[in-house]
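Structure data (PDB, C-alpha atoms) from entry.pdb:
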ATOM      1  CA  HIS A   6     -25.397   4.283  -0.542
ATOM      2  CA  ASN A   7     -27.974   1.625   0.309
ATOM      3  CA  TYR A   8     -25.802  -1.466   0.092
ATOM      4  CA  SER A   9     -28.325  -3.702   1.870
ATOM      5  CA  ASP A  10     -30.903  -3.161  -0.905
ATOM      6  CA  ALA A  11     -28.266  -3.919  -3.524
ATOM      7  CA  SER A  12     -27.272  -7.039  -1.607
ATOM      8  CA  ASN A  13     -30.910  -8.208  -1.471
ATOM      9  CA  MET A  14     -31.274  -7.721  -5.222
ATOM     10  CA  LEU A  15     -28.124  -9.761  -5.812
ATOM     11  CA  ASP A  16     -29.484 -12.539  -3.590
ATOM     12  CA  GLU A  17     -32.527 -12.671  -5.861
ATOM     13  CA  ALA A  18     -30.274 -12.843  -8.920
ATOM     14  CA  PHE A  19     -28.424 -15.840  -7.443
ATOM     15  CA  LYS A  20     -31.747 -17.716  -7.074
ATOM     16  CA  TYR A  21     -32.392 -17.524 -10.814
ATOM     17  CA  PRO A  22     -29.007 -17.840 -12.562
ATOM     18  CA  LEU A  23     -30.300 -17.785 -16.141
ATOM     19  CA  ASP A  24     -27.115 -16.315 -17.577
ATOM     20  CA  LYS A  25     -23.680 -17.416 -16.375
ATOM     21  CA  SER A  26     -22.135 -14.063 -17.259
ATOM     22  CA  ILE A  27     -24.727 -12.196 -15.194
ATOM     23  CA  GLU A  28     -24.307 -14.696 -12.351
ATOM     24  CA  ALA A  29     -20.542 -14.167 -12.357
ATOM     25  CA  LYS A  30     -20.869 -10.381 -12.319
ATOM     26  CA  SER A  31     -23.419 -10.665  -9.511
ATOM     27  CA  TYR A  32     -20.778 -12.492  -7.444
ATOM     28  CA  PHE A  33     -18.293  -9.755  -8.317
ATOM     29  CA  LEU A  34     -20.663  -6.974  -7.168
ATOM     30  CA  SER A  35     -21.558  -8.935  -4.049
ATOM     31  CA  ALA A  36     -17.850  -9.256  -3.231
ATOM     32  CA  GLU A  37     -17.433  -5.485  -3.565
ATOM     33  CA  ILE A  38     -20.366  -4.849  -1.220
ATOM     34  CA  GLU A  39     -19.122  -7.395   1.344
ATOM     35  CA  TYR A  40     -15.729  -5.672   1.342
ATOM     36  CA  ILE A  41     -17.320  -2.260   1.931
ATOM     37  CA  ASN A  42     -19.261  -3.814   4.842
ATOM     38  CA  LYS A  43     -15.972  -5.211   6.206
ATOM     39  CA  LYS A  44     -17.149  -8.814   5.757
ATOM     40  CA  TYR A  45     -13.792  -9.822   4.356
ATOM     41  CA  ARG A  46     -14.248 -13.613   4.471
ATOM     42  CA  ASN A  47     -17.562 -13.363   2.628
ATOM     43  CA  SER A  48     -16.005 -11.037   0.096
ATOM     44  CA  ILE A  49     -13.211 -13.544  -0.529
ATOM     45  CA  LEU A  50     -15.756 -16.332  -1.186
ATOM     46  CA  ASP A  51     -17.687 -14.177  -3.664
ATOM     47  CA  TYR A  52     -14.567 -13.053  -5.545
ATOM     48  CA  GLU A  53     -13.450 -16.682  -5.766
ATOM     49  CA  ALA A  54     -16.890 -17.730  -7.060
ATOM     50  CA  PHE A  55     -16.651 -15.014  -9.719
ATOM     51  CA  LEU A  56     -13.162 -16.129 -10.751
ATOM     52  CA  GLN A  57     -14.240 -19.771 -10.929
ATOM     53  CA  LEU A  58     -17.160 -18.960 -13.244
ATOM     54  CA  SER A  59     -14.949 -16.638 -15.262
ATOM     55  CA  LYS A  60     -12.357 -19.370 -15.817
ATOM     56  CA  ILE A  61     -14.926 -22.041 -16.689
ATOM     57  CA  ASN A  62     -16.594 -19.887 -19.317
ATOM     58  CA  ASP A  63     -13.444 -18.046 -20.448
ATOM     59  CA  TRP A  64     -15.334 -14.978 -21.621
ATOM     60  CA  GLU A  65     -13.682 -12.493 -23.904
ATOM     61  CA  GLY A  66     -13.299  -9.145 -22.179
ATOM     62  CA  GLU A  67     -13.479 -10.533 -18.644
ATOM     63  CA  SER A  68      -9.791  -9.841 -17.949
ATOM     64  CA  ASP A  69     -10.579  -6.370 -16.612
ATOM     65  CA  TYR A  70     -12.999  -7.888 -14.085
ATOM     66  CA  ARG A  71     -10.464 -10.569 -13.125
ATOM     67  CA  PHE A  72      -7.833  -7.865 -12.616
ATOM     68  CA  LYS A  73     -10.187  -6.046 -10.234
ATOM     69  CA  ALA A  74     -11.160  -9.298  -8.495
ATOM     70  CA  TYR A  75      -7.548 -10.195  -7.680
ATOM     71  CA  TYR A  76      -7.026  -6.612  -6.475
ATOM     72  CA  GLY A  77     -10.077  -7.009  -4.227
ATOM     73  CA  LEU A  78      -8.885 -10.389  -2.959
ATOM     74  CA  GLY A  79      -5.493  -8.895  -2.166
ATOM     75  CA  TYR A  80      -7.116  -6.155  -0.118
ATOM     76  CA  ASN A  81      -9.353  -8.605   1.763
ATOM     77  CA  TYR A  82      -6.360 -10.687   2.818
ATOM     78  CA  PHE A  83      -4.412  -7.493   3.599
ATOM     79  CA  LYS A  84      -7.215  -6.356   5.918
ATOM     80  CA  LEU A  85      -7.137  -9.780   7.595
ATOM     81  CA  SER A  86      -3.332  -9.446   8.047
ATOM     82  CA  GLU A  87      -2.828 -12.596   5.952
ATOM     83  CA  PHE A  88       0.052 -11.051   4.073
ATOM     84  CA  GLU A  89       1.407 -14.112   2.260
ATOM     85  CA  GLN A  90      -2.039 -14.776   0.769
ATOM     86  CA  ALA A  91      -2.398 -11.096  -0.111
ATOM     87  CA  ILE A  92       0.922 -11.226  -1.985
ATOM     88  CA  LEU A  93      -0.349 -14.125  -4.153
ATOM     89  CA  GLN A  94      -3.458 -12.140  -5.090
ATOM     90  CA  PHE A  95      -1.570  -8.946  -5.919
ATOM     91  CA  GLU A  96       0.828 -10.990  -8.073
ATOM     92  CA  ALA A  97      -2.170 -12.488  -9.902
ATOM     93  CA  MET A  98      -3.525  -8.952 -10.328
ATOM     94  CA  GLU A  99      -0.305  -7.982 -12.086
ATOM     95  CA  SER A 100      -0.555 -10.925 -14.491
ATOM     96  CA  GLU A 101      -4.108  -9.861 -15.469
ATOM     97  CA  TYR A 102      -3.210  -6.210 -15.901
ATOM     98  CA  LYS A 103      -3.506  -4.706 -19.376
ATOM     99  CA  SER A 104      -1.630  -1.401 -19.637
ATOM    100  CA  SER A 105      -3.547   1.787 -20.379
ATOM    101  CA  VAL A 106      -6.984   0.180 -20.015
ATOM    102  CA  SER A 107      -8.174   3.233 -18.087
ATOM    103  CA  ALA A 108      -6.894   5.855 -15.686
ATOM    104  CA  ALA A 109      -8.806   4.122 -12.873
ATOM    105  CA  ASP A 110      -7.077   0.818 -13.621
ATOM    106  CA  GLU A 111      -3.700   2.572 -13.673
ATOM    107  CA  LEU A 112      -4.419   3.901 -10.174
ATOM    108  CA  MET A 113      -5.575   0.465  -9.040
ATOM    109  CA  TYR A 114      -2.438  -1.195 -10.414
ATOM    110  CA  ALA A 115      -0.172   1.324  -8.658
ATOM    111  CA  ASP A 116      -2.104   0.962  -5.398
ATOM    112  CA  GLY A 117      -1.951  -2.835  -5.619
ATOM    113  CA  SER A 118       1.815  -2.647  -6.169
ATOM    114  CA  LEU A 119       2.164  -0.442  -3.078
ATOM    115  CA  ARG A 120       0.114  -2.880  -0.977
ATOM    116  CA  ALA A 121       2.215  -5.774  -2.305
ATOM    117  CA  GLY A 122       5.300  -3.852  -1.165
ATOM    118  CA  ASP A 123       3.718  -3.363   2.263
ATOM    119  CA  CYS A 124       2.951  -7.089   2.481
ATOM    120  CA  TYR A 125       6.543  -8.003   1.623
ATOM    121  CA  PHE A 126       7.621  -5.446   4.253
ATOM    122  CA  MET A 127       5.419  -7.117   6.872
ATOM    123  CA  VAL A 128       6.807 -10.611   6.171
ATOM    124  CA  LYS A 129      10.378  -9.233   6.124
ATOM    125  CA  LYS A 130      11.041  -9.968   2.439
ATOM    126  CA  TYR A 131      12.813  -6.669   2.091
ATOM    127  CA  ASP A 132      14.396  -7.147  -1.348
ATOM    128  CA  LYS A 133      10.983  -7.941  -2.846
ATOM    129  CA  ALA A 134       9.438  -4.975  -1.021
ATOM    130  CA  ILE A 135      11.962  -2.641  -2.669
ATOM    131  CA  LEU A 136      11.193  -4.166  -6.095
ATOM    132  CA  ALA A 137       7.459  -3.618  -5.547
ATOM    133  CA  TYR A 138       7.967   0.033  -4.568
ATOM    134  CA  ASP A 139      10.285   0.487  -7.562
ATOM    135  CA  LYS A 140       7.469  -0.670  -9.872
ATOM    136  CA  VAL A 141       5.488   2.370  -8.758
ATOM    137  CA  LEU A 142       8.496   4.680  -9.002
ATOM    138  CA  ASN A 143       9.262   3.525 -12.548
ATOM    139  CA  ARG A 144       5.757   4.303 -13.832
ATOM    140  CA  SER A 145       3.799   7.485 -14.279
ATOM    141  CA  GLY A 146       1.038   8.059 -11.773
ATOM    142  CA  SER A 147       0.405   8.673  -8.099
ATOM    143  CA  GLY A 148       1.761   7.098  -4.927
ATOM    144  CA  LYS A 149       5.416   7.818  -5.589
ATOM    145  CA  ASP A 150       5.955   9.786  -2.392
ATOM    146  CA  TYR A 151       4.646   6.864  -0.320
ATOM    147  CA  ALA A 152       6.768   4.438  -2.352
ATOM    148  CA  LEU A 153       9.889   6.526  -1.663
ATOM    149  CA  LEU A 154       9.084   6.706   2.058
ATOM    150  CA  GLN A 155       8.555   2.956   2.366
ATOM    151  CA  LYS A 156      11.565   2.145   0.205
ATOM    152  CA  GLY A 157      13.674   4.359   2.458
ATOM    153  CA  LEU A 158      12.371   2.665   5.607
ATOM    154  CA  VAL A 159      13.180  -0.768   4.157
ATOM    155  CA  GLN A 160      16.674   0.397   3.171
ATOM    156  CA  GLY A 161      17.196   1.532   6.755
ATOM    157  CA  LEU A 162      16.156  -1.870   8.103
ATOM    158  CA  ILE A 163      18.833  -3.563   5.987
ATOM    159  CA  LYS A 164      21.333  -0.898   7.091
ATOM    160  CA  GLU A 165      21.729   0.706   3.658
ATOM    161  CA  TYR A 166      21.771   4.111   5.308
ATOM    162  CA  GLN A 167      23.055   6.191   2.399
ATOM    163  CA  SER A 168      20.458   4.637   0.076
ATOM    164  CA  LYS A 169      17.799   5.438   2.663
ATOM    165  CA  LEU A 170      18.931   9.070   2.758
ATOM    166  CA  ASN A 171      18.844   9.214  -1.039
ATOM    167  CA  SER A 172      15.242   7.924  -1.128
ATOM    168  CA  LEU A 173      14.027  10.284   1.594
ATOM    169  CA  ASN A 174      15.824  13.320   0.173
ATOM    170  CA  ARG A 175      14.295  12.531  -3.229
ATOM    171  CA  LEU A 176      10.851  12.418  -1.607
ATOM    172  CA  ARG A 177      11.389  15.851  -0.068
ATOM    173  CA  SER A 178      12.816  17.440  -3.219
ATOM    174  CA  GLU A 179      10.348  15.974  -5.735
ATOM    175  CA  TYR A 180       7.219  16.047  -3.530
ATOM    176  CA  PRO A 181       7.656  18.983  -1.117
ATOM    177  CA  GLN A 182       3.896  19.142  -0.425
ATOM    178  CA  SER A 183       3.662  15.437   0.439
ATOM    179  CA  VAL A 184       1.913  14.473   3.675
ATOM    180  CA  TYR A 185       5.005  12.345   4.377
ATOM    181  CA  SER A 186       7.502  15.244   4.180
ATOM    182  CA  ASP A 187       7.789  15.739   7.942
ATOM    183  CA  LEU A 188       8.188  12.003   8.631
ATOM    184  CA  ALA A 189      10.818  11.820   5.873
ATOM    185  CA  LEU A 190      12.765  14.663   7.490
ATOM    186  CA  TYR A 191      12.513  13.024  10.921
ATOM    187  CA  GLU A 192      13.787   9.732   9.464
ATOM    188  CA  ILE A 193      16.627  11.616   7.756
ATOM    189  CA  GLY A 194      17.687  12.940  11.170
ATOM    190  CA  ARG A 195      17.435   9.506  12.773
ATOM    191  CA  THR A 196      19.489   7.975   9.955
ATOM    192  CA  GLN A 197      22.153  10.652  10.332
ATOM    193  CA  GLN A 198      22.314   9.663  14.006
ATOM    194  CA  ASP A 199      22.769   6.029  12.967
ATOM    195  CA  MET A 200      25.639   7.170  10.742
ATOM    196  CA  SER A 201      27.187   9.112  13.693
ATOM    197  CA  SER A 202      26.624  12.357  11.779
ATOM    198  CA  ASN A 203      25.220  14.135  14.810
ATOM    199  CA  GLN A 204      25.630  17.725  13.655
ATOM    200  CA  ASN A 205      23.716  16.969  10.443
ATOM    201  CA  ALA A 206      21.069  15.194  12.508
ATOM    202  CA  ILE A 207      20.638  18.283  14.725
ATOM    203  CA  THR A 208      20.273  20.439  11.605
ATOM    204  CA  SER A 209      17.581  18.087  10.228
ATOM    205  CA  PHE A 210      15.645  18.004  13.504
ATOM    206  CA  LYS A 211      15.822  21.815  13.846
ATOM    207  CA  ASN A 212      14.628  22.134  10.247
ATOM    208  CA  LEU A 213      11.624  19.953  11.078
ATOM    209  CA  ILE A 214      10.844  21.960  14.226
ATOM    210  CA  ASP A 215      10.924  25.238  12.259
ATOM    211  CA  THR A 216       9.179  24.027   9.103
ATOM    212  CA  TYR A 217       6.404  21.853  10.564
ATOM    213  CA  PRO A 218       5.171  23.513  13.788
ATOM    214  CA  SER A 219       2.100  21.243  14.057
ATOM    215  CA  SER A 220       3.842  17.987  13.141
ATOM    216  CA  THR A 221       3.554  15.023  15.493
ATOM    217  CA  TYR A 222       7.296  14.540  14.867
ATOM    218  CA  ARG A 223       8.170  17.989  16.265
ATOM    219  CA  PRO A 224       8.316  16.924  19.957
ATOM    220  CA  LEU A 225      10.184  13.759  18.960
ATOM    221  CA  SER A 226      12.731  15.906  17.132
ATOM    222  CA  MET A 227      13.213  18.023  20.270
ATOM    223  CA  ILE A 228      13.828  14.846  22.273
ATOM    224  CA  GLN A 229      16.392  13.591  19.754
ATOM    225  CA  ILE A 230      18.287  16.901  19.879
ATOM    226  CA  GLY A 231      18.322  16.627  23.676
ATOM    227  CA  VAL A 232      19.634  13.059  23.460
ATOM    228  CA  ILE A 233      22.474  14.110  21.143
ATOM    229  CA  TYR A 234      23.469  17.030  23.388
ATOM    230  CA  TYR A 235      23.313  14.826  26.487
ATOM    231  CA  ARG A 236      25.588  12.209  24.900
ATOM    232  CA  GLN A 237      27.998  14.976  23.917
ATOM    233  CA  GLY A 238      28.076  16.159  27.515
ATOM    234  CA  ASN A 239      26.248  19.398  26.684
ATOM    235  CA  THR A 240      23.481  19.583  29.296
ATOM    236  CA  ASN A 241      22.595  23.246  28.797
TER     237      ASN A 241
END
Turn this file's structure into C-alpha cells for me.
Amino acid sequence: HNYSDASNMLDEAFKYPLDKSIEAKSYFLSAEIEYINKKYRNSILDYEAFLQLSKINDWEGESDYRFKAYYGLGYNYFKLSEFEQAILQFEAMESEYKSSVSAADELMYADGSLRAGDCYFMVKKYDKAILAYDKVLNRSGSGKDYALLQKGLVQGLIKEYQSKLNSLNRLRSEYPQSVYSDLALYEIGRTQQDMSSNQNAITSFKNLIDTYPSSTYRPLSMIQIGVIYYRQGNTN
C-alpha cells in the first residue's frame, strides 16, 4: 500500500474544501493512514476534526463513520497507554453502534469491547473490566476465548479463585484449539496452588507438559511441580 501518495492526495483535498462532507471524510481517511503509520497524535487530531465537522453538519448516515472514528480514537489512546482516555472513546463507540450494520462492524464492536476491558484492567477497575468482557461473551462473534482468559485473570486478582477456574475451564472446553489454551491450563494450575489444592495443580501442570510440548509455559510448569514437591519435603 502506498500510504504516502494517499496522504498527499488528501493534503490537496484539504486545500480546496468545496464540500464539507468530502472534507470530513478526508479527515477520516487521513486519521486511518496516520494510525497505520503509528503517528497516533496526528491520527487523534484528524479523527477529532472529522467528528467536529460531522456534528456541525449532522449528516444522515454518518453514524457508521462516527462509530469507526471513536473506535480509531480508542485505539490511538490505547497505543499511547492513555487508558482512561481510551475508555471514553470506546464508550462513545458503543453509543454510536447500530446492531447488525455489517459483519465487519460486529467484529469492530467486539474488538472495541475487548480493548475497553483491557483498559479497565490496566487502571485496576476490575468490576468494569469483567462487565466489558461479558459484553463479548453475551454476543455472537469472535474473541470469546480471549474474553474468558482475561475475565479469569481479573477474577484471580480479586481472589475469586473458583470463578477464575470456571472461566478458564470454560475456555478450554468450548475453545480447545484456542491459542490461549496452554496459558489457561497453566493459570488453572497456579490457581489450584493458591487454593492449596496441590495435587490438582500437579495434575494440571503435568497435563500441560504432555499436551503442549512446545509451549512457553512447559518449563514454567516443570518449575511449579518442583516447587510443590520441595514444599512437601519430596526432593526426589
Residue by residue, what does the PyMOL selection byres ((chain A and resi 159) around 12) grab here? Present the result as a PyMOL selection string. chain A and resi 122-123+125-138+152-158+160-166+168-170+172-173+192
If I put a ball of radius 12 Å at (-11.4, -15.7, -14.4) in the file's coordinates, which residues poke into it when counting all atoms listed in the file, written as a ChimeraX atom specification?
/A:26,29-30,33,52-75,97-98,100-101
Between CA of Phe210 (chain A) and CA of Leu190 (chain A) lies a distance of 7.5 Å
Glu111 (chain A) proximity check over A:Leu78, A:Ser220, A:Gln229, A:Arg144, using only C-alpha atoms: winner is A:Arg144
* If you measure from CA of Thr196 (chain A) to CA of Ser118 (chain A), what distance in Å do you get, rounded to one decimal? ->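 Computing it gives 26.2 Å between the two atoms.
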Selection as a ChimeraX atom specification: residues within 8 Å of (-1.4, -9.5, -1.5), counting only C-alpha atoms: /A:78-80,82-83,88-96,117,120-121,124
